[in-house]
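Trainee: Following this message is one structure expressed as structure tokens.
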Amino acid sequence: MNNSMRSFALHLFVLAILVVLFFTVSEYHSGNLARILVLSVYAMGYNLLFGYTGLLSLGHALFFASGMYGLGLAMQHLGTPAAPAMLVGLISAFVVSAVIGFLALRTSGVAFMIVTLMFAQAGYLTILLAGKYTRGDEGFVIPQADRAIGSIDLSQSDTRYFAALILFAVCFLFIGWLVQTRFGKTLVAIRENPERARMLGYDIQRHKLLAVIISGTLSGAAGAAYALLFGYAGATFSTVQYSIYPLLWVLLGGAGTTIGPLIGAIFMTYLIDISSEYTNAYMLIAGLALIFLTLFAPHGLAGVLRKKWLPWLP
Amino acid sequence: MEFGPYLFIASLEGAITAAVLALTAVGLSIVFGIMRVVNVAHGEFFMLGAVIAWWVTSMITAHPALGFVAALIVAPLLVGLLAIVSDHLVLRRINYDPERTIVATIGLLYVIQQTTLMTFGPEARPVEAPFNKRIALPWFELGENGFVLTWPWGLSTTTYKLAVIAAAIVILLILWLVMSRTRLGLIMRATQLDSEMAQAHGIHVDKVYALVFGLGAGLAALGAVLIVPIQQAHYLMGGDPLLLSFIVVIIGGLGSVAGTIVAAVLIGMSDGIISVFFTPTLAKIIATLLVAFVLVFRPQGLFGKPER
Amino acid sequence: MVAVVAMSLLSTQLLSKNYAGLQAVSNVSFELPEGQVRALIGPNGAGKTTFVGMLSGRIASTSGTVIFDGKDVTTLPAHKRMSMGMAYTFQITSVFAKLSVHENVALAARRVVQGGNAAVNQRVLEVLNKVNLADRYEQIAGDLSYGHQRLLEIGMGLAQKPRLFILDEPTQGLAESEIDDFVELIAELSEDTTILLIEHNMDVVMRTADYITVLNFGSVLAEGTPDEIRANESVQAAYLGNG
């Protein structure tokens with residue numbers, strides 16, 4: 001069995017486990033898991049840019065929020081049905097990431113981190129400023145009756161879980177495929193040694209821009225799906241904290257692995273979930289995790305797996 | 001109040017913001033300039049300064065001035081010490097790698113902020129100013145008999161607010177003297193120019209870095225102690241100073257102390273004045289976009305020279 | 001000579017580079033006919049790396065023009081010049097240190113080889129055989145010895161099937177036996193590739209080059225066949241004498 005077949009089998013295996021989990025765990029956990037699956041899509045989008053291309057963005061919440069508000073505002077104010085509203089969400093994330101990518105990629109390294117942070121902050125403030133439509137920090141609820149595609153009611157726990165799983169599966173297989181293509185391997189080359197990649201004749205800027213756009217659009221898809229499946233859009237999702245989360249999930253799960261974002265999102269969500277039962281200072285866990293990961297495990301859980309046991313891990 | 005006096009008050013409030021911002025941002029700027037790292041936890045050092053000031057003043061209650069003076073000394077020292085410890089435990093171990101440092105200091109941000117939440121609590125707590133006499137300010141008006149000195153109602157400030165501005169100027173002057181006239185300053189500048197060369201000349205770069213990181217944090221804490229009688233201590237108060245310091249350091253030119261001070265005055269003053277014309281949210285949007293575009297199109301800062 | 005100019009694969013006219021007032025390369029006009037193996041020699045700091053940097057597009061020129069394959073490429077970014085058929089190996093070894101030997105070469109091959117993975121793999125194996133690294137294709141490039149990394153770098157150039165192959169000090173750090181293999185490789189390659197070689201090892205220069213250009217203080221000091229250059233007194237004074 002060669003590596004790409006092994007990798008494909010692994011992806012299917014993970015998806016199968018996720019199907020089985022729905023029927024075996026309690027409703028509380030399957031609800032959690034649905035949320036985690038959507039957030040994993042966000043993390044996978046982030047991972048494409050951070051893990052594979054080597055670009056550390058501190059402003060991905062802007063892309064997540066673009067999708068969320070693209071869908072939410074269309075449904076709320078234009079009465080758009082769910083399916084076309086999803087498309088509006090995707091398109092707005094696509095446009096926002098293309099513009100931000102075009103501007104921010106003129107910088108690199110630390111400047112890139114700060115530029116993305118600032119653009120996202122401006123986005124968050126804009127959402128507050130447009131409080132008349134977005135209802136600012138308070139946010140707005142998308143009525144349960146509207147949250148349906150055709151006759152499928154997405155607000156029910158089972159349909160919601162499988163809608164999240166389908167979105168996750170599509171993105172998971174897409175990323176798994178993408179990183180095996182010429183394009184994906186070029187991104188890794190750019191991460192490893194951009195000057196060498198350039199002198200092999202690759203157009204670095206074009207590849208980076210495409211990576212930002214795909215990454216931003218996936219993040220937007222997650223944002224739109226989140227609003228649709230959980231019925232709420234609020235400015236919190238565009239704060240710095242929501243830009244830090246995917247970084248945290250990816251670092252914990254393993255940057256530059258297809259499975260890492262899912263592992264990281266599961267672990268971190270449950271860590272925070274459990275610790276918030278004991279204290280309202282639950283972000284302490286996130287802080288400690290960031291420090292320990294940078295110090296001791298920069299390659300995350302899947303990175304350790306890959307190093308010790310599974311060198312072929314995609 | 002008429003427009004003229006109103007603008008005058010706004011610029012005076014702006015000058016206070018500018019004074020505290022200058023201290024905080026210079027702290028961030030020297031850390032970036034000498035160590036080449038971005039400290040995202042800088043705002044939390046500021047917050048800790050305010051929280052420690054509350055803690056010290058609530059323990060020493062004999063006279064508000066006594067507690068406040070103690071806070072002015074204790075808070076920067078403790079915060080500086082904490083920064084040195086974090087440098088030792090974290091930053092040094094990741095070799096000051098720029099990107100990993102940002103991730104680690106984001107972690108530090110949460111650790112400090114959330115620990116404060118667990119101990120200090122979610123309330124905003126006031127600190128009494130050591131002196132706080134209200135003084136009315138005069139205004140000139142062109143009347144029928146030429147300029148007339150008037151005392152419009154509401155046009156006033158306090159002695160403490162003026163003292164904050166004076167204190168910030170004095171502290172920055174001292175810092176400038178230390179950096180330019182002492183051996184310690186020379187060592188820091190040598191390390192900034194070329195850390196390997198400095199190492200080769202027997203300078204303990206590790207110690208310089210620890211000291212600089214402590215000094216940067218201490219300056220932020222000092223700024224916070226000065227502002228806390230006006231603003232109250234709260235565990236989330238570090239966000240705005242961090243953002244504003246970023247803005248100032250970037251507009252002033254990364255790592256340039258003089259540029260940072262000029263930019264702090266500019267941003268602090270305009271923050272006061274812009275909020276007369278715009279909503280604070282719009283003012284912040286303009287400021288953050290300004291930073292982003294400066295970095296994209298003029299990475300050397302508005303006042304910096306392009307690199308070679 | 002007119003005929004030679006017409007057949008040039010690469011030429012420059014009055015090409016210059018200024019670094020903050022320092023003239024690193026000044027007014028170099030240079031012709032490289034198709035199929036030739038040209039060595040570029042000169043003392044350290046003569047401007048050789050800067051000059052080839054301007055040819056490949058790594059370094060922007062201050063003035064002058066670069067013409068490749070009949071087209072003015074002076075303002076073209078490096079990656080476009082590479083896709084026109086140039087390949088470049090770095091003076092200081094620059095491989096993808098964390099990727100496998102196979103993937104290093106595959107990255108170079110993928111841009112030029114038509115067809116799927118199988119075609120790329122075939123090309124990679126061909127190249128690795130040529131540079132004697134076939135048995136190490138699974139190794140991580142950063143774990144290779146310095147000499148092997150240099151060979152890998154050359155392999156990455158070969159994999160691109162370049163029409164013009166620019167090598168910046170390829171034999172630096174190679175063992176004697178590896179140098180012999182390298183000379184052989186160049187001879188084999190020169191049948192269908194034009195080669196521009198910066199080289200300090202005069203033995204390698206004399207064994208491989210058809211024609212030599214000597215740079216000194218950023219200008220062309222002399223040009224000629226190896227024998228002519230050997231006999232040139234000003235070259236001896238500037239370079240060979242204290243070489």
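Residues in the structure tokens are named by chain (A, B, ... in the order shown) and by number from 1 within that chain; ligands are numbered from 1 in the order shown.
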Taking only residues of chain A that have an atom at most 9 Å from an atom of chain B, what is each one's shortest atom pair and its distance in Å to one decimal, using only C-alpha atoms, in chain and number order, as JSON lines?

Mentor:
{"residue": "A:Leu56", "atom": "CA", "partner": "B:Glu99", "partner_atom": "CA", "distance": 7.8}
{"residue": "A:Leu103", "atom": "CA", "partner": "B:Val296", "partner_atom": "CA", "distance": 6.6}
{"residue": "A:Ala104", "atom": "CA", "partner": "B:Val296", "partner_atom": "CA", "distance": 6.4}
{"residue": "A:Leu105", "atom": "CA", "partner": "B:Val296", "partner_atom": "CA", "distance": 8.3}
{"residue": "A:Arg106", "atom": "CA", "partner": "B:Val296", "partner_atom": "CA", "distance": 6.0}
{"residue": "A:Thr107", "atom": "CA", "partner": "B:Val296", "partner_atom": "CA", "distance": 6.0}
{"residue": "A:Gly109", "atom": "CA", "partner": "B:Glu99", "partner_atom": "CA", "distance": 7.3}
{"residue": "A:Val110", "atom": "CA", "partner": "B:Glu99", "partner_atom": "CA", "distance": 6.6}
{"residue": "A:Ala111", "atom": "CA", "partner": "B:Leu295", "partner_atom": "CA", "distance": 6.7}
{"residue": "A:Phe112", "atom": "CA", "partner": "B:Leu295", "partner_atom": "CA", "distance": 8.5}
{"residue": "A:Met113", "atom": "CA", "partner": "B:Glu99", "partner_atom": "CA", "distance": 8.6}
{"residue": "A:Ile114", "atom": "CA", "partner": "B:Ala292", "partner_atom": "CA", "distance": 7.5}
{"residue": "A:Val115", "atom": "CA", "partner": "B:Ala292", "partner_atom": "CA", "distance": 4.8}
{"residue": "A:Thr116", "atom": "CA", "partner": "B:Ala292", "partner_atom": "CA", "distance": 7.7}
{"residue": "A:Leu117", "atom": "CA", "partner": "B:Ala292", "partner_atom": "CA", "distance": 8.5}
{"residue": "A:Met118", "atom": "CA", "partner": "B:Thr288", "partner_atom": "CA", "distance": 5.4}
{"residue": "A:Phe119", "atom": "CA", "partner": "B:Leu289", "partner_atom": "CA", "distance": 6.5}
{"residue": "A:Gln121", "atom": "CA", "partner": "B:Thr288", "partner_atom": "CA", "distance": 7.0}
{"residue": "A:Ala122", "atom": "CA", "partner": "B:Ile285", "partner_atom": "CA", "distance": 5.0}
{"residue": "A:Gly123", "atom": "CA", "partner": "B:Ile285", "partner_atom": "CA", "distance": 8.1}
{"residue": "A:Tyr124", "atom": "CA", "partner": "B:Ile285", "partner_atom": "CA", "distance": 8.9}
{"residue": "A:Leu125", "atom": "CA", "partner": "B:Ile285", "partner_atom": "CA", "distance": 6.2}
{"residue": "A:Thr126", "atom": "CA", "partner": "B:Ile285", "partner_atom": "CA", "distance": 7.0}
{"residue": "A:Leu128", "atom": "CA", "partner": "B:Thr281", "partner_atom": "CA", "distance": 7.6}
{"residue": "A:Leu129", "atom": "CA", "partner": "B:Thr281", "partner_atom": "CA", "distance": 6.4}
{"residue": "A:Ile244", "atom": "CA", "partner": "B:Ile106", "partner_atom": "CA", "distance": 8.3}
{"residue": "A:Leu247", "atom": "CA", "partner": "B:Val103", "partner_atom": "CA", "distance": 8.6}
{"residue": "A:Leu248", "atom": "CA", "partner": "B:Val103", "partner_atom": "CA", "distance": 8.9}
{"residue": "A:Thr279", "atom": "CA", "partner": "B:Met118", "partner_atom": "CA", "distance": 7.9}
{"residue": "A:Asn280", "atom": "CA", "partner": "B:Met118", "partner_atom": "CA", "distance": 7.8}
{"residue": "A:Ala281", "atom": "CA", "partner": "B:Gln114", "partner_atom": "CA", "distance": 5.0}
{"residue": "A:Tyr282", "atom": "CA", "partner": "B:Gln114", "partner_atom": "CA", "distance": 7.5}
{"residue": "A:Met283", "atom": "CA", "partner": "B:Tyr110", "partner_atom": "CA", "distance": 6.2}
{"residue": "A:Leu284", "atom": "CA", "partner": "B:Val111", "partner_atom": "CA", "distance": 5.0}
{"residue": "A:Ile285", "atom": "CA", "partner": "B:Val111", "partner_atom": "CA", "distance": 7.9}
{"residue": "A:Ala286", "atom": "CA", "partner": "B:Gly107", "partner_atom": "CA", "distance": 7.0}
{"residue": "A:Gly287", "atom": "CA", "partner": "B:Gly107", "partner_atom": "CA", "distance": 3.7}
{"residue": "A:Leu288", "atom": "CA", "partner": "B:Gly107", "partner_atom": "CA", "distance": 6.0}
{"residue": "A:Ala289", "atom": "CA", "partner": "B:Gly107", "partner_atom": "CA", "distance": 7.2}
{"residue": "A:Leu290", "atom": "CA", "partner": "B:Gly107", "partner_atom": "CA", "distance": 4.9}
{"residue": "A:Ile291", "atom": "CA", "partner": "B:Ala104", "partner_atom": "CA", "distance": 4.8}
{"residue": "A:Phe292", "atom": "CA", "partner": "B:Ala104", "partner_atom": "CA", "distance": 8.2}
{"residue": "A:Leu293", "atom": "CA", "partner": "B:Ala104", "partner_atom": "CA", "distance": 8.4}
{"residue": "A:Thr294", "atom": "CA", "partner": "B:Ala104", "partner_atom": "CA", "distance": 6.2}
{"residue": "A:Leu295", "atom": "CA", "partner": "B:Ile94", "partner_atom": "CA", "distance": 6.4}
{"residue": "A:Pro298", "atom": "CA", "partner": "B:Arg100", "partner_atom": "CA", "distance": 8.8}

Trainee: Would you mind exporting N, CA and C atoms of the selected residues as a compact mmCIF listing (two decimals), in the first residue's frame?

Mentor:
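part-v5.txt, written as the output of this step:
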# COMPACT_ATOMS: atom_id res chain seq x y z
N LEU A 56 1.80 32.90 9.25
CA LEU A 56 1.06 32.95 10.51
C LEU A 56 0.16 34.18 10.52
N LEU A 103 -3.28 42.70 -0.01
CA LEU A 103 -2.60 43.76 0.75
C LEU A 103 -1.55 43.18 1.70
N ALA A 104 -1.97 42.21 2.51
CA ALA A 104 -1.09 41.74 3.59
C ALA A 104 0.13 41.00 3.05
N LEU A 105 0.02 40.39 1.87
CA LEU A 105 1.15 39.61 1.35
C LEU A 105 2.26 40.51 0.81
N ARG A 106 2.04 41.81 0.84
CA ARG A 106 3.16 42.70 0.53
C ARG A 106 4.15 42.71 1.69
N THR A 107 3.72 42.19 2.85
CA THR A 107 4.61 42.13 4.01
C THR A 107 4.94 40.67 4.29
N GLY A 109 6.54 37.77 7.62
CA GLY A 109 6.97 37.55 9.01
C GLY A 109 6.09 38.28 10.01
N VAL A 110 6.76 38.98 10.93
CA VAL A 110 6.05 39.65 12.01
C VAL A 110 5.10 40.72 11.48
N ALA A 111 5.52 41.44 10.43
CA ALA A 111 4.65 42.48 9.87
C ALA A 111 3.36 41.86 9.33
N PHE A 112 3.46 40.67 8.73
CA PHE A 112 2.27 39.99 8.22
C PHE A 112 1.31 39.67 9.37
N MET A 113 1.88 39.22 10.49
CA MET A 113 1.05 38.90 11.65
C MET A 113 0.32 40.15 12.12
N ILE A 114 1.03 41.26 12.20
CA ILE A 114 0.41 42.47 12.74
C ILE A 114 -0.61 43.06 11.76
N VAL A 115 -0.27 43.02 10.47
CA VAL A 115 -1.21 43.56 9.47
C VAL A 115 -2.52 42.77 9.50
N THR A 116 -2.43 41.44 9.55
CA THR A 116 -3.66 40.64 9.59
C THR A 116 -4.44 40.92 10.87
N LEU A 117 -3.70 41.07 11.98
CA LEU A 117 -4.34 41.39 13.26
C LEU A 117 -5.11 42.71 13.16
N MET A 118 -4.47 43.71 12.55
CA MET A 118 -5.09 45.04 12.46
C MET A 118 -6.31 45.03 11.54
N PHE A 119 -6.20 44.34 10.41
CA PHE A 119 -7.36 44.28 9.52
C PHE A 119 -8.53 43.59 10.22
N GLN A 121 -9.06 43.45 13.42
CA GLN A 121 -9.56 44.35 14.45
C GLN A 121 -10.48 45.40 13.82
N ALA A 122 -10.05 45.93 12.66
CA ALA A 122 -10.88 46.90 11.96
C ALA A 122 -12.22 46.26 11.57
N GLY A 123 -12.17 44.99 11.18
CA GLY A 123 -13.40 44.27 10.83
C GLY A 123 -14.34 44.14 12.02
N TYR A 124 -13.75 43.77 13.15
CA TYR A 124 -14.54 43.64 14.39
C TYR A 124 -15.20 44.96 14.74
N LEU A 125 -14.40 46.04 14.68
CA LEU A 125 -14.94 47.36 15.02
C LEU A 125 -16.02 47.78 14.03
N THR A 126 -15.84 47.38 12.77
CA THR A 126 -16.85 47.73 11.76
C THR A 126 -18.18 47.04 12.09
N LEU A 128 -19.20 46.32 15.03
CA LEU A 128 -19.78 47.09 16.12
C LEU A 128 -20.41 48.39 15.60
N LEU A 129 -19.67 49.03 14.68
CA LEU A 129 -20.12 50.31 14.14
C LEU A 129 -21.45 50.16 13.41
N ILE A 244 -7.12 33.70 17.52
CA ILE A 244 -6.13 32.91 18.26
C ILE A 244 -6.54 31.44 18.31
N LEU A 247 -5.25 29.04 15.66
CA LEU A 247 -3.80 28.89 15.84
C LEU A 247 -3.53 27.87 16.95
N LEU A 248 -4.31 28.01 18.02
CA LEU A 248 -4.15 27.12 19.16
C LEU A 248 -4.50 25.68 18.79
N THR A 279 -13.93 27.09 36.85
CA THR A 279 -13.52 28.49 36.98
C THR A 279 -14.01 29.29 35.78
N ASN A 280 -14.22 30.60 36.00
CA ASN A 280 -14.56 31.43 34.85
C ASN A 280 -13.30 31.88 34.11
N ALA A 281 -12.13 31.57 34.68
CA ALA A 281 -10.87 31.93 34.04
C ALA A 281 -10.39 30.78 33.14
N TYR A 282 -11.32 30.27 32.31
CA TYR A 282 -10.98 29.06 31.54
C TYR A 282 -9.93 29.32 30.46
N MET A 283 -9.76 30.59 30.06
CA MET A 283 -8.75 30.85 29.04
C MET A 283 -7.33 30.66 29.56
N LEU A 284 -7.21 30.51 30.88
CA LEU A 284 -5.91 30.20 31.47
C LEU A 284 -5.33 28.95 30.83
N ILE A 285 -6.19 27.96 30.62
CA ILE A 285 -5.76 26.70 30.00
C ILE A 285 -5.18 26.97 28.61
N ALA A 286 -5.91 27.82 27.84
CA ALA A 286 -5.44 28.13 26.49
C ALA A 286 -4.07 28.80 26.56
N GLY A 287 -3.91 29.72 27.51
CA GLY A 287 -2.64 30.42 27.64
C GLY A 287 -1.50 29.47 27.95
N LEU A 288 -1.73 28.61 28.95
CA LEU A 288 -0.70 27.65 29.32
C LEU A 288 -0.38 26.73 28.15
N ALA A 289 -1.45 26.30 27.44
CA ALA A 289 -1.23 25.40 26.30
C ALA A 289 -0.34 26.07 25.26
N LEU A 290 -0.62 27.33 24.96
CA LEU A 290 0.20 28.03 23.95
C LEU A 290 1.66 28.07 24.36
N ILE A 291 1.90 28.39 25.64
CA ILE A 291 3.29 28.48 26.10
C ILE A 291 3.97 27.12 26.05
N PHE A 292 3.30 26.09 26.58
CA PHE A 292 3.94 24.78 26.61
C PHE A 292 4.14 24.21 25.21
N LEU A 293 3.17 24.49 24.32
CA LEU A 293 3.34 23.99 22.96
C LEU A 293 4.53 24.63 22.28
N THR A 294 4.67 25.96 22.40
CA THR A 294 5.82 26.60 21.76
C THR A 294 7.11 26.08 22.36
N LEU A 295 7.09 25.83 23.68
CA LEU A 295 8.33 25.41 24.33
C LEU A 295 8.68 23.96 24.01
N PRO A 298 6.41 21.99 19.42
CA PRO A 298 6.00 22.88 18.33
C PRO A 298 5.32 22.14 17.19

Trainee: Step one, run DSSP on the backbone; step two, keep only residues of region 138-307 of chain A assigned to helix (DSSP H, G or I); then write them as a ChimeraX atom specification.

Mentor: /A:138,144-146,157-178,182-192,194-199,204-230,235-238,240-253,260-278,283-296,300-307

Trainee: State, in Å with one decimal place, the distance from CA of Lys185 (chain A) to CA of Gly101 (chain A).

Mentor: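 According to the coordinates, CA of Lys185 (chain A) and CA of Gly101 (chain A) are separated by 20.1 Å.
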
Trainee: Can you check which residues of chain C have any atom within 12 Å of chain B? Use only C-alpha atoms and format it as a ChimeraX atom specification.

Mentor: /C:18-21

Trainee: Can I get the selection written as a compact mmCIF listing (two decimals), in the first residue's frame, with N, CA and C atoms?

Mentor:
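Here's the written file part01.txt:
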# COMPACT_ATOMS: atom_id res chain seq x y z
N ASN C 18 24.63 49.01 -8.48
CA ASN C 18 25.11 49.95 -7.49
C ASN C 18 24.56 49.58 -6.13
N TYR C 19 25.44 49.39 -5.14
CA TYR C 19 24.93 49.21 -3.77
C TYR C 19 25.28 50.44 -2.97
N ALA C 20 24.32 51.31 -2.72
CA ALA C 20 24.54 52.52 -1.91
C ALA C 20 25.85 53.20 -2.28
N GLY C 21 26.03 53.48 -3.56
CA GLY C 21 27.21 54.21 -4.00
C GLY C 21 28.36 53.30 -4.41

Trainee: Which residue out of A:Ser7, A:Gln205, A:Gln76, A:Thr239 has the minimum interatomic distance to chain C when only C-alpha atoms are used?

Mentor: A:Gln205

Trainee: How close does chain A get to chain C? List, as CSV, each residue of chain A within 9 Å, its nearest atom pair and the distance in Å to one decimal, counting only C-alpha atoms.

Mentor:
residue,atom,partner,partner_atom,distance
A:Arg182,CA,C:Arg110,CA,7.1
A:Lys185,CA,C:Leu107,CA,7.6
A:Thr186,CA,C:Leu107,CA,7.1
A:Ala189,CA,C:Phe96,CA,7.0
A:Glu192,CA,C:Phe96,CA,6.0
A:Asn193,CA,C:Phe96,CA,6.1
A:Glu195,CA,C:Ser94,CA,8.6
A:Arg196,CA,C:Ser94,CA,6.5
A:Ala197,CA,C:Leu107,CA,8.2
A:Arg198,CA,C:His79,CA,5.5
A:Met199,CA,C:His79,CA,6.0
A:Leu200,CA,C:Ala108,CA,5.8
A:Gly201,CA,C:His79,CA,3.9
A:Tyr202,CA,C:His79,CA,5.5
A:Asp203,CA,C:His79,CA,5.8
A:Ile204,CA,C:His79,CA,8.3

Trainee: Tell me, as a PyMOL selection string, which residues lie within 9 Å of Ile198 (chain C), counting only C-alpha atoms; anything in the same chain fewer than 3 positions away does not count.

Mentor: chain C and resi 38-42+48-49+52+91+166-170+205

Trainee: Which residues, written as a list in words, have at least one atom at most 10 Å from Val28 (chain C), with only C-alpha atoms counted and residues fewer than 6 positions away on the same chain left out?

Mentor: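 Returned residues: Ser11, Thr12, Gln13, Leu14, Leu15, Ser16, Lys17, Phe51, Gly64, Thr65, Leu215, Gly218, Ser219 and Val220 of chain C.
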
Trainee: Could you pull the residues within 9 Å of Arg207 (chain C), counting only C-alpha atoms, minus those fewer than 4 positions along the same chain, as a PyMOL selection string?

Mentor: chain C and resi 183+202-203+226

Trainee: Please produce a file of those selected residues containing C-alpha atoms, as a JSON list (two decimals), in the first residue's frame.

Mentor:
[["chain", "number", "residue", "atom", "x", "y", "z"],
["C", 183, "VAL", "CA", 33.56, 17.48, -14.60],
["C", 202, "MET", "CA", 41.17, 26.58, -11.94],
["C", 203, "ASP", "CA", 41.67, 22.92, -12.70],
["C", 226, "PRO", "CA", 41.38, 28.69, -21.63]]

Trainee: Rounded to one decimal, what separation in Å do you get between CA of Ala187 (chain C) and CA of Thr208 (chain C)?

Mentor: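 Rounded to one decimal, the two atoms are 6.8 Å apart.
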